[in-house]
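Encoded as C-alpha cells, the structure appears first; notes follow it.
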Amino acid sequence: MSRRKFISQIIKPASVQEAPPPPPGGGLTPYTGVWTTDQVIHMLKRTQFGARPEDIQYFAARTFSQAMDEILQPTAPAPAPPVKDYVPSANVLKPDTNVAAGTTWVNDIGADGALNGNRILSFQKWWVGNLINQDRSIREKMILFWHNHFATEADTIGNPIYVYRHHQVLRNNALGNFKALTRAITLDPGMLVYLNGQLNTLNAPDENYGRELQELFCCGKGPESKYTEDDVKAAARVLTGWRINASTATSFFDINRHDKSSKKFSSFYNNATIAGRSSATAGDLELDDMLNMIFATNEVSKYICRRLYRWFIYYDIDATVEATIITPLANIFVQNNYEILPVLQALLKSEHFFNSLTVGCQIKSPIDLIVGLCREFAIALPPASDYTTNYGIYNYFFNLATGMQQRIGDPPDVSGWKAYYQEPQFYEVWINSDTLPRRIQFSDIMIVNGYTLNGFVTKINQVEWVKMLPKPADPNELISDITYRLLRIDISAASKQQLKRDILLGGQSDDHYWTDAWNLYLSTPGNTNNTNTVRNRLRDLIKYIMNLPEYQLC
C-alpha cells in the first residue's frame, strides 16, 4: 500500500489494498544527475528537519559536491548547554541557589534529587530548541538516530547530569567512529544506570547490557546473527565491576567486583576466549577484547547499515537492496575501520538516494512534522535572552510530539521507536486514529491562531512566507510552488484548479481576482479589507494543503 493511501484509510478504509511499492533502485553509483531545487529539497528533508526556504536557496547555489560535503561535515560550534528555566518546588530541601536563573545547571552535580524532574524537562526543552535552531548539517538528525539506536529513557535514568552527558556522548560521536561510540556508551553513566551495568558484579552478574550490546546495538536479530544465551552470559561477566562515582558523574572500574576468570564464547564468535585479568586495568582490557571480537563478525557492519538505510531511505530491504546497497555499504564500513562518515557519503551521494522512488516514501515522524513545520515556515521565536518564553515554547512542541508518540529523551524502551524496526508496519506505526487528528490539529493551530506564551505569539506568517516564493501574484504558480515546497508527492492538476477557484479566487473564475488582491496588498498594505482577504485566503489554502495526506510524507 502506498503511504498516501495508508494515511487516507485511517479516516476511510478502502476495500481493496494495493501491493507494497518496490524499493527504489540506482545502487551506490555516485549521483551525476541534475542539481535543482527538487534534489535540494529532498536532501534537506531527509538530512535535516524540514527544508527552509533560505537553506534551499543556499544549497541550490552550490554544486552538488559542495552541498553534500557541507551537509555531511558540520563546522558550527556545539550549542550552549541547557539553562535553569524552572523555579524549584516547595518540596526541594536544598534549592540550587548556586545556579542563577538563565545559567546552566549541568555542572551542579550534587543538587537536591527533587530538582531532577525540573532539570530533565529543561534538557528536553533545550533539545527541541536545538532541533529548531539547527545548523546547516546532518548533525542533529544523526544525534536523534543514535538516540533511537542506543535508546535510553531519561525518566528511568533519573539523574539529569547523566542524561545530559549521555546526550553529549552521542553529539560528540555522531559522525565519528561507531566502535569508539559503542565503547563510550558502554561505560556511560546514563547507560550503566539504564541497563543495570553498575549492578553487574562477580556474585550477581546482570545480563541486561550484555544482551542488548549484541541484540540491539551491534549484531541485531537477523537470521545470521547467531550469538547464544551463553554469549550473553559471557558478555555480562566481561562487564562486571563497572560502577559510577556519583560525586563526579563518571564511571570507574572496581576490580573487587569483577569476574577474573576467562570467558568462552560460541562459534558465532569463532569460539573466542577472553582471558580473565586481575589488574586495575582488567575492565578496559577485557572490554576492548570483547568489542574486537564482536566487531570481527560480518553482522555488525550489515546491521548498522540496515539501520541507517531505514532512517534515511526506506524501510523495505529486499534481496536486491541487500545485495546492491547494504552489502557494499557494509564493506565500506569495515574498510574504513567503522567510521560513520564514509558510509553516509556513499549512501547519501548515491543514485539510489536521489531515485524518484525515495521521494515521499517515508511517513514523517512527529519530530519531523513539528520541527519541520517550525523551520520551513520560519516561525517567530523570542530573542535568545528571553529564555523563559523560548523554553516554554519548546515545551509546547515537546508535549505535542509526546502526544503523537515520540517523546525525545524517552523512547518507549531500549529498542527505540517501533517505526524503525516493527515489521511489517514500520513508519505506519506513527499514524493511527489518535495521532492523525493530533497532527492535523497541530498544523491547524499553527496557521490559524498559533501558540501564545508571555504575550509572544509563535505562528505561521503565511503572507511573509509566500513573499519568498517566485511568483505569488500568479495563482497558478503560487499553488504549484506551495504544493511543491510542502508536499513530497504532487497533487493532480484538477485538484490545483479547484483549490485556486474555491480558495484563492473566492469562487470566481478569472485569475486577476487574486492577482489584483495581491498587488494591492503589496502597494497598499494599510487597506484593511484587502489585507484581510489576502491573509485569510492564504491561510485557508495552506491549511487545506497541510490537511492533505501527502503532507504527512517526506
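Ordered as shown in the C-alpha cells, chains take letters A, B, and onward, while each chain numbers its residues from 1 and ligands are numbered from 1 in the order shown.
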**OP:** For A:Leu144, work out the shell of residues within 9 Å, counting only C-alpha atoms and skipping chain neighbours fewer than 4 positions away, then give it as a PyMOL selection string.
**Re:** chain A and resi 139-140+148-149+170+408
Original post:
Could you name the residues that touch A:Trp126 at 9 Å or less, counting only C-alpha atoms, but leaving out those on the same chain fewer than 5 positions away, as number ranges by chain?
Top reply: A: 81-83, 121, 131, 391, 394-395
List as a PDB file with C-alpha atoms, in the first residue's frame the protein and nucleic acid residues near A:Lys84, meaning an atom at most 12 Å away when only C-alpha atoms are counted, but skip any in the same chain fewer than 3 places from it.
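Saved the output as selection.pdb:
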```pdb
ATOM      1  CA  PRO A  81      24.106  23.722  27.423  1.00  0.00           C
ATOM      2  CA  VAL A  87      11.539  27.609  39.853  1.00  0.00           C
ATOM      3  CA  PRO A  88      12.198  24.845  42.419  1.00  0.00           C
ATOM      4  CA  PRO A  95      17.308  24.515  46.151  1.00  0.00           C
ATOM      5  CA  ASP A  96      20.044  25.177  43.606  1.00  0.00           C
ATOM      6  CA  THR A  97      20.548  28.782  44.686  1.00  0.00           C
ATOM      7  CA  ASN A  98      24.145  28.495  43.476  1.00  0.00           C
ATOM      8  CA  VAL A  99      22.822  28.242  39.896  1.00  0.00           C
ATOM      9  CA  ALA A 100      21.470  31.584  38.727  1.00  0.00           C
ATOM     10  CA  ALA A 101      18.321  31.663  36.637  1.00  0.00           C
ATOM     11  CA  GLY A 102      19.220  31.527  32.959  1.00  0.00           C
ATOM     12  CA  THR A 103      22.595  29.848  33.561  1.00  0.00           C
ATOM     13  CA  THR A 104      23.393  26.193  33.087  1.00  0.00           C
ATOM     14  CA  TRP A 105      22.887  23.535  35.736  1.00  0.00           C
ATOM     15  CA  VAL A 106      24.877  20.791  34.003  1.00  0.00           C
ATOM     16  CA  ASN A 107      27.917  21.168  36.282  1.00  0.00           C
ATOM     17  CA  ASP A 108      25.912  21.282  39.516  1.00  0.00           C
ATOM     18  CA  LEU A 115      15.229  19.015  41.196  1.00  0.00           C
ATOM     19  CA  ASN A 116      15.792  16.095  38.823  1.00  0.00           C
ATOM     20  CA  ASN A 118      12.799  20.055  36.541  1.00  0.00           C
ATOM     21  CA  ARG A 119      16.227  19.568  35.029  1.00  0.00           C
ATOM     22  CA  ILE A 120      15.315  16.604  32.847  1.00  0.00           C
ATOM     23  CA  LEU A 121      12.447  18.627  31.395  1.00  0.00           C
ATOM     24  CA  SER A 122      14.835  21.569  30.922  1.00  0.00           C
ATOM     25  CA  PHE A 123      17.113  19.219  28.972  1.00  0.00           C
ATOM     26  CA  LYS A 125      13.073  21.566  26.021  1.00  0.00           C
ATOM     27  CA  TRP A 126      16.665  22.516  25.181  1.00  0.00           C
ATOM     28  CA  TYR A 387      14.994  32.011  27.683  1.00  0.00           C
ATOM     29  CA  THR A 388      11.852  31.586  29.797  1.00  0.00           C
ATOM     30  CA  TYR A 391      11.821  27.166  26.793  1.00  0.00           C
TER      31      TYR A 391
END
```
Subject >> Exercise: A:Ala517 partners within 8 Å, only C-alpha atoms, chain neighbours under 4 positions left out, as a PyMOL selection string >> reply: chain A and resi 513+521+530+533-534
Original post:
What does the distance from atom CA of A:Gly33 to atom CA of A:Gln48 come to in Å, to one decimal?
Top reply: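 So the two atoms, atom CA of A:Gly33 and atom CA of A:Gln48, lie 21.6 Å apart.
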**OP:** Using only C-alpha atoms, determine which residues lie at most 12 Å from A:Glu224, disregarding the query and same-chain residues fewer than 3 positions distant; provide the list as a PyMOL selection string.
**Re:** chain A and resi 215+219-221+227-228+268+297-300+302-303
Subject >> Distance query A:Tyr420 at most 9 Å, only C-alpha atoms, self and fewer than 6 positions along chain excluded, as a VMD selection string >> reply: chain A and resid 148 307 310 to 311 315 426 to 427
Subject >> From A:Ala346, A:Leu553, A:Val92, A:Ala80, residue lying nearest A:Glu428 [only C-alpha atoms] >> reply: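 Checking each candidate against A:Glu428, we get A:Leu553 as the closest.
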Subject >> All strand (DSSP E) residues (DSSP, backbone) inside stretch 113-302 of chain A, as a ChimeraX atom specification >> reply: /A:242-245,250-253,263-264,273-274
Limited to N, CA and C atoms, could you put the picked residues into a file as a compact mmCIF listing (two decimals), in the first residue's frame?
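Printed below is again17.txt as written:
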```txt
# COMPACT_ATOMS: atom_id res chain seq x y z
N TRP A 242 32.02 -2.48 36.72
CA TRP A 242 31.94 -1.05 36.39
C TRP A 242 30.93 -0.38 37.32
N ARG A 243 31.31 0.76 37.85
CA ARG A 243 30.48 1.49 38.81
C ARG A 243 30.44 2.97 38.44
N ILE A 244 29.65 3.73 39.20
CA ILE A 244 29.52 5.17 38.96
C ILE A 244 29.95 5.93 40.21
N ASN A 245 30.79 6.94 40.00
CA ASN A 245 31.17 7.87 41.06
C ASN A 245 30.16 9.01 41.05
N THR A 250 30.93 10.18 36.83
CA THR A 250 31.76 9.45 35.89
C THR A 250 31.78 7.97 36.29
N SER A 251 32.17 7.12 35.36
CA SER A 251 32.25 5.69 35.65
C SER A 251 33.69 5.33 36.05
N PHE A 252 33.79 4.24 36.80
CA PHE A 252 35.12 3.74 37.17
C PHE A 252 35.03 2.23 37.34
N PHE A 253 36.20 1.58 37.35
CA PHE A 253 36.25 0.13 37.43
C PHE A 253 36.69 -0.32 38.82
N LYS A 263 36.48 -16.00 29.81
CA LYS A 263 35.12 -16.07 29.30
C LYS A 263 35.11 -16.69 27.91
N LYS A 264 34.39 -17.78 27.76
CA LYS A 264 34.35 -18.53 26.50
C LYS A 264 33.11 -18.15 25.71
N THR A 273 37.99 -16.91 23.27
CA THR A 273 38.08 -16.86 24.72
C THR A 273 38.70 -15.53 25.12
N ILE A 274 38.04 -14.82 26.01
CA ILE A 274 38.60 -13.57 26.53
C ILE A 274 39.27 -13.88 27.86
```
Can you build me a table of stretch 245-334 of chain A residues sitting at most 8 Å from stretch 230-238 of chain A, with the closest atom pair per residue and its distance in Å to one decimal, using only C-alpha atoms, sorted by chain and residue number, as JSON lines?
```
{"residue": "A:His258", "atom": "CA", "partner": "A:Arg237", "partner_atom": "CA", "distance": 7.7}
{"residue": "A:Asp259", "atom": "CA", "partner": "A:Arg237", "partner_atom": "CA", "distance": 5.9}
{"residue": "A:Lys263", "atom": "CA", "partner": "A:Ala234", "partner_atom": "CA", "distance": 5.6}
{"residue": "A:Lys264", "atom": "CA", "partner": "A:Ala234", "partner_atom": "CA", "distance": 6.6}
{"residue": "A:Phe265", "atom": "CA", "partner": "A:Asp231", "partner_atom": "CA", "distance": 5.4}
{"residue": "A:Ser266", "atom": "CA", "partner": "A:Asp231", "partner_atom": "CA", "distance": 6.4}
{"residue": "A:Gly283", "atom": "CA", "partner": "A:Val238", "partner_atom": "CA", "distance": 7.5}
{"residue": "A:Glu286", "atom": "CA", "partner": "A:Val238", "partner_atom": "CA", "distance": 6.2}
{"residue": "A:Leu287", "atom": "CA", "partner": "A:Val238", "partner_atom": "CA", "distance": 6.6}
{"residue": "A:Met290", "atom": "CA", "partner": "A:Ala235", "partner_atom": "CA", "distance": 7.6}
```
Taking N, CA and C atoms for each residue, export the selection above as a compact mmCIF listing (two decimals), in the first residue's frame.
```
# COMPACT_ATOMS: atom_id res chain seq x y z
N HIS A 258 34.76 -7.65 39.97
CA HIS A 258 34.94 -8.18 38.62
C HIS A 258 35.18 -9.69 38.62
N ASP A 259 34.60 -10.35 37.62
CA ASP A 259 34.83 -11.79 37.42
C ASP A 259 36.18 -11.95 36.71
N LYS A 263 36.48 -16.00 29.81
CA LYS A 263 35.12 -16.07 29.30
C LYS A 263 35.11 -16.69 27.91
N LYS A 264 34.39 -17.78 27.76
CA LYS A 264 34.35 -18.53 26.50
C LYS A 264 33.11 -18.15 25.71
N PHE A 265 33.28 -17.89 24.40
CA PHE A 265 32.17 -17.52 23.53
C PHE A 265 31.94 -18.61 22.48
N SER A 266 30.81 -18.51 21.76
CA SER A 266 30.35 -19.56 20.86
C SER A 266 31.04 -19.51 19.50
N GLY A 283 39.15 -4.25 33.48
CA GLY A 283 37.88 -3.88 32.86
C GLY A 283 38.06 -3.32 31.47
N GLU A 286 39.51 -6.23 28.99
CA GLU A 286 38.53 -7.24 28.61
C GLU A 286 37.43 -6.64 27.74
N LEU A 287 37.03 -5.41 28.03
CA LEU A 287 36.04 -4.74 27.19
C LEU A 287 36.58 -4.59 25.77
N MET A 290 36.50 -7.85 23.97
CA MET A 290 35.16 -8.26 23.58
C MET A 290 34.65 -7.44 22.39
```
Subject >> helix (DSSP H, G or I) residues, from DSSP on the backbone, in stretch 375-441 of chain A, as a PyMOL selection string >> reply: chain A and resi 375-376+387-403+418-420+426-430+435-441
Original post:
Taking only C-alpha atoms into account, which of A:Ile132, A:Asn399, A:Ala473, A:Glu339 comes nearest A:Ala180?
Top reply: A:Glu339
Original post:
Separation of atom CA of A:Asp69 and atom CA of A:Pro342, in Å?
Top reply: 11.2 Å
Original post:
When distances are computed from only C-alpha atoms, which of A:Leu504, A:Ile185, A:Ile479, A:Ile255 shows the smallest separation from A:Leu202?
Top reply: A:Ile255
